[in-house]
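Structure file protein_14.cif (mmCIF, C-alpha atoms and all ligand atoms) follows.
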data_my_file
#
loop_
_atom_site.label_atom_id
_atom_site.label_comp_id
_atom_site.auth_asym_id
_atom_site.auth_seq_id
_atom_site.Cartn_x
_atom_site.Cartn_y
_atom_site.Cartn_z
CA MET A 1 -0.47 -2.51 -8.73
CA SER A 2 2.04 0.31 -8.53
CA VAL A 3 3.75 2.89 -10.72
CA ASP A 4 7.12 4.57 -11.04
CA VAL A 5 7.51 8.25 -10.15
CA THR A 6 10.09 10.48 -11.83
CA LEU A 7 10.99 14.03 -10.91
CA HIS A 8 13.12 15.89 -13.40
CA GLY A 9 14.46 19.27 -12.27
CA VAL A 10 11.33 19.87 -10.18
CA ALA A 11 11.50 23.26 -8.42
CA LYS A 12 8.94 25.43 -6.68
CA SER A 13 8.76 29.03 -5.50
CA PHE A 14 5.81 30.85 -3.98
CA GLY A 15 6.27 34.36 -5.35
CA SER A 16 9.81 35.35 -4.39
CA LEU A 17 10.04 32.56 -1.78
CA PRO A 18 12.04 29.60 -3.10
CA VAL A 19 10.76 26.44 -1.42
CA VAL A 20 12.02 23.50 -3.49
CA GLN A 21 15.39 23.49 -5.26
CA PRO A 22 15.59 21.57 -8.56
CA ILE A 23 15.15 17.92 -7.61
CA ASP A 24 15.81 14.83 -9.71
CA LEU A 25 14.34 11.61 -8.38
CA ASP A 26 13.50 8.15 -9.69
CA VAL A 27 11.20 5.97 -7.62
CA ALA A 28 10.72 2.38 -8.80
CA PRO A 29 7.21 0.88 -8.79
CA GLY A 30 6.18 -0.49 -5.40
CA THR A 31 8.85 1.40 -3.47
CA PHE A 32 8.01 2.92 -0.08
CA VAL A 33 9.84 6.25 0.12
CA SER A 34 9.82 8.44 3.24
CA LEU A 35 10.65 12.13 3.30
CA VAL A 36 12.13 13.48 6.53
CA GLY A 37 13.33 17.03 7.08
CA PRO A 38 13.02 20.11 9.25
CA SER A 39 9.65 21.74 9.74
CA GLY A 40 8.82 24.21 6.98
CA CYS A 41 11.48 22.89 4.58
CA GLY A 42 9.02 22.02 1.81
CA LYS A 43 8.03 18.37 2.28
CA SER A 44 4.29 18.94 2.00
CA THR A 45 4.90 21.22 -0.97
CA LEU A 46 6.89 18.49 -2.72
CA LEU A 47 4.12 15.98 -2.05
CA ARG A 48 1.54 18.44 -3.40
CA LEU A 49 3.62 18.91 -6.55
CA VAL A 50 3.61 15.14 -7.10
CA ALA A 51 -0.13 15.08 -6.42
CA GLY A 52 -0.69 17.85 -8.95
CA LEU A 53 -2.28 20.00 -6.21
CA GLU A 54 0.43 22.64 -6.80
CA GLN A 55 1.97 23.58 -10.12
CA VAL A 56 5.75 23.18 -10.50
CA SER A 57 7.76 26.39 -11.13
CA ALA A 58 10.19 24.33 -13.21
CA GLY A 59 10.75 20.71 -14.23
CA THR A 60 8.39 17.80 -14.73
CA VAL A 61 6.72 15.15 -12.59
CA THR A 62 5.94 11.90 -14.40
CA ILE A 63 3.95 9.07 -12.83
CA GLY A 64 3.79 5.86 -14.82
CA GLY A 65 4.40 7.92 -17.96
CA ALA A 66 1.55 10.35 -17.21
CA SER A 67 1.28 13.76 -15.60
CA PRO A 68 -0.10 14.22 -12.07
CA ALA A 69 -3.19 15.89 -13.58
CA GLU A 70 -3.87 12.84 -15.78
CA LEU A 71 -3.39 10.52 -12.83
CA ARG A 72 -5.74 12.58 -10.70
CA ALA A 73 -8.33 12.67 -13.46
CA HIS A 74 -8.30 8.88 -13.58
CA LYS A 75 -8.34 8.57 -9.78
CA ARG A 76 -5.10 6.63 -9.84
CA LEU A 77 -3.59 8.70 -7.07
CA ALA A 78 -4.66 8.77 -3.42
CA VAL A 79 -3.75 11.30 -0.73
CA VAL A 80 -3.94 10.47 2.98
CA PRO A 81 -3.70 13.70 5.00
CA GLN A 82 -2.63 14.28 8.59
CA GLN A 83 -6.22 14.89 9.72
CA PRO A 84 -8.62 12.09 8.78
CA GLY A 85 -11.21 14.53 7.41
CA LEU A 86 -14.20 12.20 7.80
CA LEU A 87 -17.68 13.52 7.08
CA PRO A 88 -19.42 13.63 10.48
CA TRP A 89 -22.88 12.82 9.08
CA ARG A 90 -21.71 9.63 7.36
CA THR A 91 -21.09 6.32 9.13
CA VAL A 92 -17.75 4.49 9.04
CA ALA A 93 -18.95 2.31 6.13
CA GLU A 94 -20.28 5.37 4.27
CA ASN A 95 -17.06 7.32 4.81
CA ALA A 96 -15.03 4.36 3.56
CA ARG A 97 -17.11 4.25 0.34
CA LEU A 98 -17.01 8.02 -0.15
CA LEU A 99 -14.32 8.21 -2.84
CA LEU A 100 -15.87 5.38 -4.82
CA GLU A 101 -19.24 7.11 -4.76
CA VAL A 102 -17.94 10.57 -5.58
CA ASN A 103 -15.86 9.18 -8.43
CA ARG A 104 -18.35 6.63 -9.68
CA ARG A 105 -17.86 7.74 -13.26
CA HIS A 106 -14.08 7.24 -13.01
CA SER A 107 -13.93 4.41 -10.54
CA PRO A 108 -11.66 1.61 -11.62
CA THR A 109 -13.45 -1.65 -12.32
CA ARG A 110 -11.00 -3.37 -9.99
CA HIS A 111 -10.74 -1.88 -6.55
CA PRO A 112 -10.64 -3.38 -3.07
CA ASP A 113 -13.99 -3.91 -1.34
CA PRO A 114 -14.28 -1.14 1.30
CA ALA A 115 -15.98 -3.56 3.71
CA GLU A 116 -13.02 -5.93 3.41
CA LEU A 117 -10.57 -3.08 3.94
CA LEU A 118 -12.46 -2.05 7.08
CA ASP A 119 -12.24 -5.65 8.25
CA GLU A 120 -8.48 -5.63 7.62
CA VAL A 121 -8.08 -2.64 9.94
CA GLY A 122 -10.37 -4.19 12.58
CA LEU A 123 -13.37 -1.89 12.21
CA THR A 124 -16.03 -4.43 11.27
CA GLU A 125 -17.87 -3.85 14.56
CA PHE A 126 -18.05 -0.11 13.86
CA LEU A 127 -19.45 -0.02 10.32
CA ASP A 128 -22.55 1.87 11.48
CA ALA A 129 -20.77 4.15 13.96
CA TYR A 130 -20.32 7.86 13.27
CA PRO A 131 -16.91 9.56 13.40
CA HIS A 132 -17.65 11.24 16.77
CA GLU A 133 -18.10 7.77 18.27
CA LEU A 134 -14.57 6.70 17.28
CA SER A 135 -11.15 7.20 18.87
CA GLY A 136 -8.53 9.23 17.00
CA GLY A 137 -6.73 6.05 15.94
CA MET A 138 -9.96 4.51 14.65
CA ARG A 139 -10.72 7.64 12.62
CA GLN A 140 -7.31 7.51 11.05
CA ARG A 141 -7.87 3.84 10.20
CA VAL A 142 -10.98 4.86 8.26
CA ALA A 143 -8.89 7.51 6.48
CA LEU A 144 -6.35 4.80 5.62
CA VAL A 145 -9.11 2.58 4.22
CA ARG A 146 -10.42 5.49 2.15
CA GLY A 147 -6.90 6.09 0.83
CA PHE A 148 -6.70 2.51 -0.40
CA SER A 149 -10.33 2.25 -1.54
CA LEU A 150 -9.67 3.29 -5.13
CA GLY A 151 -6.86 0.76 -5.55
CA ALA A 152 -4.64 3.68 -6.63
CA PRO A 153 -1.12 2.66 -7.69
CA LEU A 154 0.35 5.77 -6.01
CA VAL A 155 -0.48 6.74 -2.42
CA LEU A 156 0.80 10.03 -0.98
CA MET A 157 0.74 10.30 2.80
CA ASP A 158 1.55 13.54 4.64
CA GLU A 159 2.28 12.76 8.31
CA PRO A 160 -0.81 10.55 8.53
CA PHE A 161 -0.05 9.39 12.08
CA ALA A 162 1.35 12.62 13.53
CA ALA A 163 -1.70 13.37 15.69
CA LEU A 164 -1.69 9.93 17.33
CA ASP A 165 -0.08 8.71 20.56
CA GLU A 166 2.99 6.48 20.35
CA ILE A 167 1.21 3.16 20.93
CA THR A 168 -1.53 3.87 18.37
CA ARG A 169 1.12 5.10 15.97
CA ALA A 170 2.98 1.80 16.17
CA GLU A 171 -0.30 -0.05 15.50
CA MET A 172 -1.03 2.14 12.49
CA ARG A 173 2.41 1.48 11.13
CA GLU A 174 1.72 -2.28 11.27
CA LEU A 175 -1.67 -1.84 9.64
CA LEU A 176 -0.18 0.20 6.84
CA ALA A 177 2.58 -2.38 6.22
CA ARG A 178 0.00 -5.19 6.10
CA MET A 179 -2.31 -3.16 3.89
CA LEU A 180 0.54 -2.69 1.41
CA ASP A 181 1.28 -6.43 1.42
CA ARG A 182 -2.27 -7.06 0.21
CA HIS A 183 -2.71 -3.96 -1.95
CA PRO A 184 0.71 -3.03 -3.33
CA ALA A 185 1.29 0.61 -4.25
CA THR A 186 4.12 3.07 -4.60
CA VAL A 187 4.11 5.26 -1.48
CA LEU A 188 5.56 8.68 -0.72
CA PHE A 189 5.32 9.20 3.03
CA VAL A 190 6.19 12.35 5.01
CA THR A 191 7.09 11.85 8.66
CA HIS A 192 9.05 13.49 11.46
CA SER A 193 9.76 10.11 13.06
CA MET A 194 13.06 8.48 12.11
CA ALA A 195 11.84 5.16 13.56
CA GLU A 196 8.63 5.27 11.50
CA ALA A 197 10.63 6.06 8.36
CA ALA A 198 13.20 3.31 9.04
CA TYR A 199 10.53 0.74 9.86
CA LEU A 200 8.30 1.31 6.85
CA SER A 201 10.60 2.43 4.05
CA ASP A 202 12.69 0.99 1.29
CA ARG A 203 14.30 4.42 0.93
CA VAL A 204 14.44 7.48 3.15
CA LEU A 205 15.12 10.87 1.61
CA VAL A 206 16.59 13.35 4.08
CA MET A 207 15.68 16.91 3.08
CA SER A 208 17.55 20.14 3.80
CA PRO A 209 15.94 23.30 5.20
CA ARG A 210 14.04 25.53 2.74
CA PRO A 211 14.65 25.80 -0.15
CA THR A 212 14.74 22.07 0.23
CA ALA A 213 16.95 19.55 -1.57
CA VAL A 214 17.61 15.85 -1.02
CA VAL A 215 20.77 15.71 1.11
CA ALA A 216 20.79 11.95 1.65
CA ASP A 217 19.07 9.01 -0.01
CA VAL A 218 19.32 6.11 2.42
CA ALA A 219 18.38 2.58 1.33
CA ILE A 220 16.71 0.56 4.11
CA GLY A 221 17.40 -3.11 3.49
CA PHE A 222 15.69 -4.85 6.40
CA PRO A 223 13.87 -7.95 5.11
CA ARG A 224 10.07 -7.92 4.93
CA PRO A 225 7.70 -8.55 6.52
CA ARG A 226 9.13 -6.44 9.32
CA ARG A 227 8.14 -7.06 12.91
CA ASP A 228 8.02 -4.87 15.99
CA ALA A 229 11.12 -6.68 17.33
CA LEU A 230 13.12 -5.06 14.52
CA GLU A 231 13.03 -1.83 16.51
CA ASP A 232 15.00 -3.41 19.35
CA THR A 233 17.94 -4.45 17.17
CA PRO A 234 21.26 -2.58 17.05
CA GLU A 235 20.99 -2.49 13.24
CA PHE A 236 17.74 -0.56 13.48
CA ALA A 237 19.24 1.88 16.00
CA ALA A 238 22.18 2.37 13.64
CA VAL A 239 19.89 3.26 10.73
CA CYS A 240 17.97 5.77 12.86
CA ALA A 241 21.26 7.29 14.03
CA GLU A 242 22.42 7.57 10.42
CA LEU A 243 19.20 9.37 9.45
CA ARG A 244 19.53 11.76 12.40
CA HIS A 245 23.16 12.38 11.50
CA HIS A 246 22.21 13.37 7.92
CA LEU A 247 19.42 15.57 9.23
CA HIS A 248 21.66 17.39 11.70
CA GLY A 249 24.31 17.77 9.00
CA ALA A 250 21.75 19.39 6.70
CA MET A 251 20.68 21.85 9.38
CA ARG A 252 24.15 23.19 10.19
N1 LIG A 301 0.39 28.01 -0.84
C1 LIG A 301 1.47 28.61 -0.33
N2 LIG A 301 1.72 29.92 -0.54
C2 LIG A 301 2.81 30.50 -0.06
N3 LIG A 301 3.76 29.88 0.65
C3 LIG A 301 3.58 28.57 0.89
C4 LIG A 301 2.44 27.87 0.43
N4 LIG A 301 2.54 26.58 0.83
C5 LIG A 301 3.68 26.49 1.51
N5 LIG A 301 4.32 27.67 1.56
C6 LIG A 301 5.60 27.94 2.20
O1 LIG A 301 6.51 26.93 1.78
C7 LIG A 301 7.37 26.55 2.83
C8 LIG A 301 7.34 25.06 3.00
O2 LIG A 301 6.07 24.66 3.47
P1 LIG A 301 5.68 23.13 3.61
O3 LIG A 301 4.31 23.08 4.13
O4 LIG A 301 5.96 22.45 2.33
O5 LIG A 301 6.74 22.63 4.70
P2 LIG A 301 6.85 21.21 5.43
O6 LIG A 301 8.24 20.72 5.20
O7 LIG A 301 5.74 20.34 5.04
O8 LIG A 301 6.72 21.63 6.97
P3 LIG A 301 6.08 20.80 8.21
O9 LIG A 301 7.09 19.74 8.55
O10 LIG A 301 5.98 21.83 9.28
O11 LIG A 301 4.77 20.25 7.77
C9 LIG A 301 6.92 27.35 4.05
O12 LIG A 301 7.79 28.45 4.21
C10 LIG A 301 5.54 27.81 3.70
O13 LIG A 301 5.26 29.07 4.27
MG MG A 302 4.10 19.53 6.05
#
Let me see whether you can do it: turn the structure in this file into structure tokens.
Ligand SMILES: Nc1ncnc2c1ncn2[C@@H]1O[C@H](COP(=O)(O)OP(=O)(O)OP(=O)(O)O)[C@@H](O)[C@H]1O
Ligand SMILES: [Mg+2]
Amino acid sequence: MSVDVTLHGVAKSFGSLPVVQPIDLDVAPGTFVSLVGPSGCGKSTLLRLVAGLEQVSAGTVTIGGASPAELRAHKRLAVVPQQPGLLPWRTVAENARLLLEVNRRHSPTRHPDPAELLDEVGLTEFLDAYPHELSGGMRQRVALVRGFSLGAPLVLMDEPFAALDEITRAEMRELLARMLDRHPATVLFVTHSMAEAAYLSDRVLVMSPRPTAVVADVAIGFPRPRRDALEDTPEFAAVCAELRHHLHGAMR
């Protein structure tokens, strides 16, 4: 289940500080879109505008024909932050069920079973463990499970793997790709890693410095499912080089 996302002239200023220039964007249902751009350019702000966590200064965001506020009200939008934000007094299983419990009144009748999701990310042995007993990668896997637990058709991820080491990051990338095979969603994904963006995405939007605009919209056509070996191909290196080239061009 996934939805389309449309931005029409979406702009944002904080007081006199312009952060997002008017942006037009059409994202087809089920597309994985990455945002890459210099630090402080406005990527998180743009994600928060789509999430309805910030109000637009101009323009409209439409998600499957509804506003972000409507989507949020119906719990059809999930946000996976950079820090897993698990509740320390709840076990892995209890943290994974958190959103379903908090939103019981709004919970969709069809949603993935949290226990199955935890199994998919290899945490079955740790259902009764507490967050302090987990590694950083394991905590982020629980956060991933929580993000998918509502079966939301739109998942917004803001550098979810940034705090992890390179090896764990590559594992998380695989887990996310497999998770999306089983539980399709439209994804907006912020990252500073060109390789992560190229590996996961159907489209990569390269953003300019603040006030940010989309300077390049690069389609990534590698067939799916993608495998680790993809990273060792010259085609993959060429895509990463193209993304870096756009990024450097935007920063001049
Ligand atoms: N609530 C806010 N009030 C005022 N200014 C804000 C607010 N949120 C963000 N900003 C400003 O907007 C600009 C963009 O911030 P944002 O967090 O969107 O950048 P980013 O691209 O996500 O950066 P990074 O890659 O470092 O995470 C910054 O100059 C920041 O100071
Ligand atoms: Mg950010």
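In this model, the gap between CA of Ser149 (chain A) and CA of Asp26 (chain A) comes to 25.9 Å.
Computed from the coordinates, the CA of Ala241 (chain A) to CA of Ala229 (chain A) distance equals 17.6 Å.
The shortest atom-to-atom distance to Glu171 (chain A), with only C-alpha atoms taken into account, belongs to A:Val121 out of A:Leu17, A:Leu53, A:Val27, A:Val121.
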Please identify all protein, DNA and RNA residues within 12 Å of ligand MG 302 (chain A), counting all atoms listed in the file, and report them as a PyMOL selection string.
chain A and resi 35-48+81-83+157-160+162+189-192
State, in Å with one decimal place, the distance from CA of Leu77 (chain A) to CA of Asp4 (chain A).
12.1 Å
Go through A:Met207, A:Leu144, A:Val187, A:Leu175 one by one, measure the shortest atom-to-atom distance of each to ligand LIG 301 (chain A) using all atoms listed in the file, and give the residue with the smallest value.
A:Met207
Taking (3.4, 9.1, -9.3) as a centre in this file's frame and 6 Å as the limit, can you find every polymer residue with an atom that close, using only C-alpha atoms, and give them as a compact mmCIF listing (two decimals) with C-alpha atoms, keeping the file's coordinate frame?
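Saved the output as result02.txt:
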# COMPACT_ATOMS: atom_id res chain seq x y z
CA VAL A 5 7.51 8.25 -10.15
CA ILE A 63 3.95 9.07 -12.83
CA LEU A 154 0.35 5.77 -6.01
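The nearest approach to ligand LIG 301 (chain A) among the residues A:Thr233, A:Ser13, A:Ser2, A:Thr62, with all atoms listed in the file taken into account, belongs to A:Ser13.
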Among listed residues A:Val79, A:Val206, A:Leu134, A:Met172, nearest ligand LIG 301 (chain A) (using all atoms listed in the file)
A:Val206
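You can rank A:Leu87, A:Val215, A:Ala177, A:Val19 by their closest distance to ligand LIG 301 (chain A) using only C-alpha atoms and all ligand atoms, and at the top of that list sits A:Val19.
With distances taken over only C-alpha atoms and all ligand atoms, A:Leu49 is the one residue among A:Val204, A:Leu49, A:Leu123, A:Ala198 lying closest to ligand LIG 301 (chain A).
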Using only C-alpha atoms and a cutoff of 12 Å, can you tell me which residues are near (-8.4, 5.4, 10.7) in the file's coordinates, and write them out as number ranges by chain?
A: 80-86, 92-93, 95-96, 117-123, 126, 131, 134-148, 160-161, 163-164, 168-169, 171-173, 175-176
Show me, as a PDB file with C-alpha atoms, keeping the file's coordinate frame, the residues that have an atom within 12 Å of Asp202 (chain A) when counting all atoms listed in the file, minus same-chain residues fewer than 2 positions from it.
ATOM      1  CA  VAL A  27      11.200   5.970  -7.620  1.00  0.00           C
ATOM      2  CA  ALA A  28      10.720   2.380  -8.800  1.00  0.00           C
ATOM      3  CA  PRO A  29       7.210   0.880  -8.790  1.00  0.00           C
ATOM      4  CA  GLY A  30       6.180  -0.490  -5.400  1.00  0.00           C
ATOM      5  CA  THR A  31       8.850   1.400  -3.470  1.00  0.00           C
ATOM      6  CA  PHE A  32       8.010   2.920  -0.080  1.00  0.00           C
ATOM      7  CA  VAL A  33       9.840   6.250   0.120  1.00  0.00           C
ATOM      8  CA  SER A  34       9.820   8.440   3.240  1.00  0.00           C
ATOM      9  CA  LEU A  35      10.650  12.130   3.300  1.00  0.00           C
ATOM     10  CA  ALA A 177       2.580  -2.380   6.220  1.00  0.00           C
ATOM     11  CA  THR A 186       4.120   3.070  -4.600  1.00  0.00           C
ATOM     12  CA  VAL A 187       4.110   5.260  -1.480  1.00  0.00           C
ATOM     13  CA  LEU A 188       5.560   8.680  -0.720  1.00  0.00           C
ATOM     14  CA  PHE A 189       5.320   9.200   3.030  1.00  0.00           C
ATOM     15  CA  GLU A 196       8.630   5.270  11.500  1.00  0.00           C
ATOM     16  CA  ALA A 197      10.630   6.060   8.360  1.00  0.00           C
ATOM     17  CA  ALA A 198      13.200   3.310   9.040  1.00  0.00           C
ATOM     18  CA  TYR A 199      10.530   0.740   9.860  1.00  0.00           C
ATOM     19  CA  LEU A 200       8.300   1.310   6.850  1.00  0.00           C
ATOM     20  CA  VAL A 204      14.440   7.480   3.150  1.00  0.00           C
ATOM     21  CA  LEU A 205      15.120  10.870   1.610  1.00  0.00           C
ATOM     22  CA  ASP A 217      19.070   9.010  -0.010  1.00  0.00           C
ATOM     23  CA  VAL A 218      19.320   6.110   2.420  1.00  0.00           C
ATOM     24  CA  ALA A 219      18.380   2.580   1.330  1.00  0.00           C
ATOM     25  CA  ILE A 220      16.710   0.560   4.110  1.00  0.00           C
ATOM     26  CA  GLY A 221      17.400  -3.110   3.490  1.00  0.00           C
ATOM     27  CA  PHE A 222      15.690  -4.850   6.400  1.00  0.00           C
ATOM     28  CA  PRO A 223      13.870  -7.950   5.110  1.00  0.00           C
ATOM     29  CA  ARG A 224      10.070  -7.920   4.930  1.00  0.00           C
ATOM     30  CA  PRO A 225       7.700  -8.550   6.520  1.00  0.00           C
ATOM     31  CA  ARG A 226       9.130  -6.440   9.320  1.00  0.00           C
TER      32      ARG A 226
END
Can you sort out the box for region 42-60 of chain A, edges along x, y and z, all listed atoms in, 8 Å on every side, with centre and edge lengths in Å to one decimal, as lines of an AutoDock Vina configuration file?
center_x = 4.2
center_y = 20.7
center_z = -6.2
size_x = 29.0
size_y = 27.3
size_z = 33.0
Taking the partial coordinates given, rebuild region 156-169 of chain A to contain N, CA and C atoms; return it as a short mmCIF file (atom, residue, chain, number, x, y, z; two decimals), keeping the file's coordinate frame.
data_model
loop_
_atom_site.label_atom_id
_atom_site.label_comp_id
_atom_site.auth_asym_id
_atom_site.auth_seq_id
_atom_site.Cartn_x
_atom_site.Cartn_y
_atom_site.Cartn_z
N LEU A 156 -0.01 8.96 -1.57
CA LEU A 156 0.80 10.03 -0.98
C LEU A 156 0.29 10.27 0.43
N MET A 157 1.18 10.18 1.41
CA MET A 157 0.74 10.30 2.80
C MET A 157 1.56 11.39 3.49
N ASP A 158 0.86 12.41 4.01
CA ASP A 158 1.55 13.54 4.64
C ASP A 158 1.35 13.47 6.16
N GLU A 159 2.32 12.92 6.85
CA GLU A 159 2.28 12.76 8.31
C GLU A 159 0.94 12.20 8.78
N PRO A 160 0.53 11.05 8.22
CA PRO A 160 -0.81 10.55 8.53
C PRO A 160 -1.00 10.16 9.98
N PHE A 161 0.10 9.88 10.70
CA PHE A 161 -0.05 9.39 12.08
C PHE A 161 0.44 10.41 13.10
N ALA A 162 0.71 11.64 12.65
CA ALA A 162 1.35 12.62 13.53
C ALA A 162 0.50 12.99 14.74
N ALA A 163 -0.83 12.93 14.59
CA ALA A 163 -1.70 13.37 15.69
C ALA A 163 -1.95 12.26 16.71
N LEU A 164 -1.36 11.08 16.48
CA LEU A 164 -1.69 9.93 17.33
C LEU A 164 -0.63 9.70 18.41
N ASP A 165 -1.05 9.04 19.51
CA ASP A 165 -0.08 8.71 20.56
C ASP A 165 0.85 7.60 20.06
N GLU A 166 1.92 7.37 20.82
CA GLU A 166 2.99 6.48 20.35
C GLU A 166 2.51 5.05 20.13
N ILE A 167 1.65 4.56 21.03
CA ILE A 167 1.21 3.16 20.93
C ILE A 167 0.31 3.00 19.69
N THR A 168 -0.63 3.93 19.51
CA THR A 168 -1.53 3.87 18.37
C THR A 168 -0.73 4.02 17.07
N ARG A 169 0.26 4.87 17.13
CA ARG A 169 1.12 5.10 15.97
C ARG A 169 1.80 3.82 15.52
#
